[in-house]
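First up is the structure itself, then whatever we jot down about it.
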Amino acid sequence: MTKTHFSKKLQQTSTQSDIAESKKTVFILHDQLNLSVWPDWIQDEKPLLIFLESEAKSRVLPFHKKKLVYKWSSMRHFAIHCSEQGFPVYYDTIQGWYDEGLKSILNQSNEMQLYYMKPSEWESRKRLDKLREEYADQVEQLSNSFFFADLQNWVHKIEPGYRMEYFYREMRRETGYLMNKGEPMGGVWNYDEKNRETVPEDYVIPNITTFSPDKITEEVIGIVKKQYDDHFGSISGFEYAVNRKQATQLLEEFIDERLADFGPYEDAMVSGEATLFHSSFSLYLNNGLLTPWEICESAIKAYKADKAPINSVEGLIRQILGWREFVRIYYEAMMPKIRETNFFDFSNALPELFWGDETKMHCLQESIAPVIESGYSHHIQRLMVLSNFSNLTETDPRELNKWFWLAYIDAYEWVVLPNVLGMSTFADGGVLASKPYVSSGNYINKMSNYCKHCDYSISKKTGKGACPFNYLYWNFVNKQREGFEKSGRNSFMVSMYDKKSADDKKAIKHSTEQFLAELERS
């Protein structure tokens, strides 16, 4: 590597010749940036740590520019931290995949032992599996310790009818989180009914601390600007935490300032507010700067100190201990065939508005603009606006999955694929979720103030000026009635459609056809 501010900061930089003399080396992926989660012997023995930036992986999709900046800047900061802790570090940028870079390293010495932690993502894992087969005497895989659940205890349970709620309760019992003598604290397992409030007007929403790019991040921004200018999203105004110290500062801030209101307004949406009271920790969780147990335990500590109500704390723990762990297990059980699942056989291309084209639908503007700008919007915008719209416009769910993967800064295939193909689009036919996540404009109006600022009328059901979600929803119910009828939770919606007058049904069909004909596709 040419000398940069980053390479100058590495105190224990290793060269190709140093590698040849190393007996033990450890390869660390960009989503495993926390040595406290690795085996103790690594801290004790301080073997050579290898970091590789793979250009090939970064071009699988046109990933958001800020996503690339975050990935590489956080990895570079972690490498510097390791160097300061006395580890020898080899850091390089390679054109190919990780396994190709590691091959050239292994070929320098027959005595070298290379260790790596099992990757969370399928493609990296399969490549490293082949590397391990080829260099059987030199390469060893370590178990992935960044999660609560042991995969082997759970993957066989993934099938239609096995829901996250069952898994979540077992994990609560296993960890003891919010438990009292084998029973849930408060007497119930979840507090969803208390977590569906809309945010009152003029309610004060605390700002999240942001961080100006340092010289290391600025260097990465320059690289991404030069080499990935054709990728999705804006690169200006990068403000994310890129090291553990900054991430733990955000954790403390969330516990003190937003956790108490997180529960009641967990599903709320407000114009101009992409985060509300959400923690926005997913990107730090998913690369290791924060661990799931420290977030859960900090929240429980706040509850015991009367700093946050149980519905907020339980809601946060359910997202991390329940949903996050469950989708990882689902991914393990369903790969790789799940990549091509398409229950409804939708084949339409993704609407251009997902790439930034203007739309008069205010809810879509509010949900997509922050993704383009920062690579983030919270889970209800993802689920009940973006995925909902994709379903109702009969968009290929696999294309939506790719968009989520490339557009969101916290998205890795193991977490985004189950959420999109399993949950939000029902593309797996009901393995992960019990119903398609679709709704009319009424849900959006109930949970947000979006409709007050929209060119379309939420009260108008069909025709010019009507909210498109209204007629698109009933058109979907009619066309997918078989799927609705199989779902006990939604079968009554088919009956409601059937009770509509012939004129109403005709208007729904006409409005839908006209809207879809005018919808620009990529």
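So you can find residues: chains in the structure tokens are A, B, ... in the order shown, residues in each start at 1, and ligands are numbered from 1 in order.
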
12 Å contact set for A:Leu386, only C-alpha atoms, chain neighbours under 5 positions out, as a PyMOL selection string: chain A and resi 350-351+353-354+361-369+371+377-381+391-393+395+397+400-401+403-404+420+424-425+437-439+444+469

Can you spit out the residues from that selection as an mmCIF file, in the first residue's frame, using C-alpha atoms?
data_model
loop_
_atom_site.group_PDB
_atom_site.id
_atom_site.type_symbol
_atom_site.label_atom_id
_atom_site.label_comp_id
_atom_site.auth_asym_id
_atom_site.auth_seq_id
_atom_site.Cartn_x
_atom_site.Cartn_y
_atom_site.Cartn_z
ATOM 1 C CA LEU A 350 -38.432 -2.098 -9.288
ATOM 2 C CA PRO A 351 -40.170 1.303 -9.599
ATOM 3 C CA LEU A 353 -38.841 6.070 -7.415
ATOM 4 C CA PHE A 354 -36.688 3.650 -5.388
ATOM 5 C CA MET A 361 -46.768 10.008 -2.621
ATOM 6 C CA HIS A 362 -45.431 11.744 0.474
ATOM 7 C CA CYS A 363 -44.975 8.546 2.490
ATOM 8 C CA LEU A 364 -42.667 7.175 -0.202
ATOM 9 C CA GLN A 365 -40.735 10.426 -0.390
ATOM 10 C CA GLU A 366 -40.237 10.368 3.377
ATOM 11 C CA SER A 367 -39.156 6.726 3.368
ATOM 12 C CA ILE A 368 -36.769 6.806 0.408
ATOM 13 C CA ALA A 369 -35.094 10.223 0.761
ATOM 14 C CA VAL A 371 -32.078 6.037 2.426
ATOM 15 C CA SER A 377 -34.753 4.523 7.595
ATOM 16 C CA HIS A 378 -36.423 2.707 10.457
ATOM 17 C CA HIS A 379 -38.190 -0.639 10.285
ATOM 18 C CA ILE A 380 -41.793 0.540 9.840
ATOM 19 C CA GLN A 381 -40.832 2.667 6.848
ATOM 20 C CA ASN A 391 -46.074 -5.941 -2.966
ATOM 21 C CA LEU A 392 -49.074 -3.912 -4.048
ATOM 22 C CA THR A 393 -47.403 -2.958 -7.332
ATOM 23 C CA THR A 395 -42.786 -5.957 -7.996
ATOM 24 C CA PRO A 397 -39.428 -9.430 -4.474
ATOM 25 C CA LEU A 400 -36.592 -5.441 -3.849
ATOM 26 C CA ASN A 401 -34.270 -7.658 -1.808
ATOM 27 C CA TRP A 403 -32.277 -2.920 -3.459
ATOM 28 C CA PHE A 404 -32.525 -3.244 0.326
ATOM 29 C CA VAL A 420 -37.494 -8.957 2.641
ATOM 30 C CA SER A 424 -42.207 -8.254 4.268
ATOM 31 C CA THR A 425 -43.017 -9.671 0.817
ATOM 32 C CA TYR A 437 -47.469 -7.423 5.055
ATOM 33 C CA VAL A 438 -49.775 -5.241 3.008
ATOM 34 C CA SER A 439 -52.220 -2.520 3.976
ATOM 35 C CA ILE A 444 -49.981 4.744 7.241
ATOM 36 C CA PHE A 469 -52.469 2.486 -1.357
#

Tell me, counting only C-alpha atoms, for each residue of stretch 182-224 of chain A within 12 Å of stretch 318-333 of chain A, which pair of atoms is nearest and how far apart they are in Å to one decimal, in rows ordered by chain and increasing number, as a tab-separated table.
residue	atom	partner	partner_atom	distance
A:Trp189	CA	A:Arg318	CA	9.4
A:Asn190	CA	A:Arg318	CA	7.9
A:Tyr191	CA	A:Arg318	CA	9.8
A:Asp192	CA	A:Arg318	CA	10.2

Produce a file of the selected residues containing C-alpha atoms, as a PDB file, in the first residue's frame.
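Output file out.pdb is given in full below:
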ATOM      1  CA  TRP A 189     -44.025 -11.937  27.026  1.00  0.00           C
ATOM      2  CA  ASN A 190     -44.408  -8.865  24.811  1.00  0.00           C
ATOM      3  CA  TYR A 191     -45.957  -5.430  24.940  1.00  0.00           C
ATOM      4  CA  ASP A 192     -46.854  -4.845  21.298  1.00  0.00           C
TER       5      ASP A 192
END

Looking at only C-alpha atoms, which of A:Ser298, A:Ala502, A:Phe344, A:Leu35 is the one that sits closest to A:Phe87? A:Leu35

When DSSP works through the backbone of this structure, what residues of stretch 165-387 of chain A end up as strand (DSSP E), shown as number ranges by chain? A: 179-180, 183-184

Residues as selected, N, CA and C atoms, written as a compact mmCIF listing (two decimals), in the first residue's frame, can you do that?
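Written output follows (selection-v6.txt):
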# COMPACT_ATOMS: atom_id res chain seq x y z
N MET A 179 -36.70 -11.97 33.10
CA MET A 179 -37.36 -13.15 33.65
C MET A 179 -37.31 -13.11 35.17
N ASN A 180 -38.31 -13.71 35.79
CA ASN A 180 -38.37 -13.81 37.24
C ASN A 180 -38.92 -15.19 37.61
N GLU A 183 -40.74 -16.96 34.81
CA GLU A 183 -41.86 -16.26 34.22
C GLU A 183 -41.41 -14.87 33.75
N PRO A 184 -42.04 -14.34 32.68
CA PRO A 184 -41.65 -13.02 32.20
C PRO A 184 -42.00 -11.92 33.19

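Distance-wise, atom CA of A:Asn442 and atom CA of A:Pro264 end up 19.2 Å apart.
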
Return as JSON lines the residues of stretch 334-354 of chain A lying at most 12 Å from stretch 475-481 of chain A, together with the closest atom-to-atom pair for each and the distance in Å to one decimal, counting only C-alpha atoms, with rows in chain order and ascending residue number.
{"residue": "A:Phe343", "atom": "CA", "partner": "A:Gln480", "partner_atom": "CA", "distance": 10.6}
{"residue": "A:Phe344", "atom": "CA", "partner": "A:Gln480", "partner_atom": "CA", "distance": 7.9}
{"residue": "A:Asp345", "atom": "CA", "partner": "A:Gln480", "partner_atom": "CA", "distance": 11.0}
{"residue": "A:Phe346", "atom": "CA", "partner": "A:Gln480", "partner_atom": "CA", "distance": 11.4}

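One finds atom CA of A:Ser236 at 28.7 Å from atom CA of A:Tyr98.
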
Option closest in space to A:Leu432, from A:Pro213, A:Pro468, A:Pro160, A:Gly176 [counting only C-alpha atoms]: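 Of the candidates, the smallest distance to A:Leu432 is held by A:Pro160.
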
Just the residues within 9 Å of A:Gly263, please, counting only C-alpha atoms, with nothing from its chain fewer than 6 positions along; format it as a PyMOL selection string. chain A and resi 191-192+194-197+277-278+309-316

Considering only C-alpha atoms, return as number ranges by chain whatever protein or nucleic-acid residues lie within 9 Å of stretch 20-34 of chain A, sequence-local ones (same chain, fewer than 4 positions apart) excluded. A: 16, 38, 42, 46-53, 71-72, 74-75, 78-79, 98, 102, 105-117, 119-120, 144, 146, 244, 285-291

Counting only C-alpha atoms, the option among A:Val37, A:Thr217, A:Leu178, A:Asp129 closest to A:Phe147: A:Val37
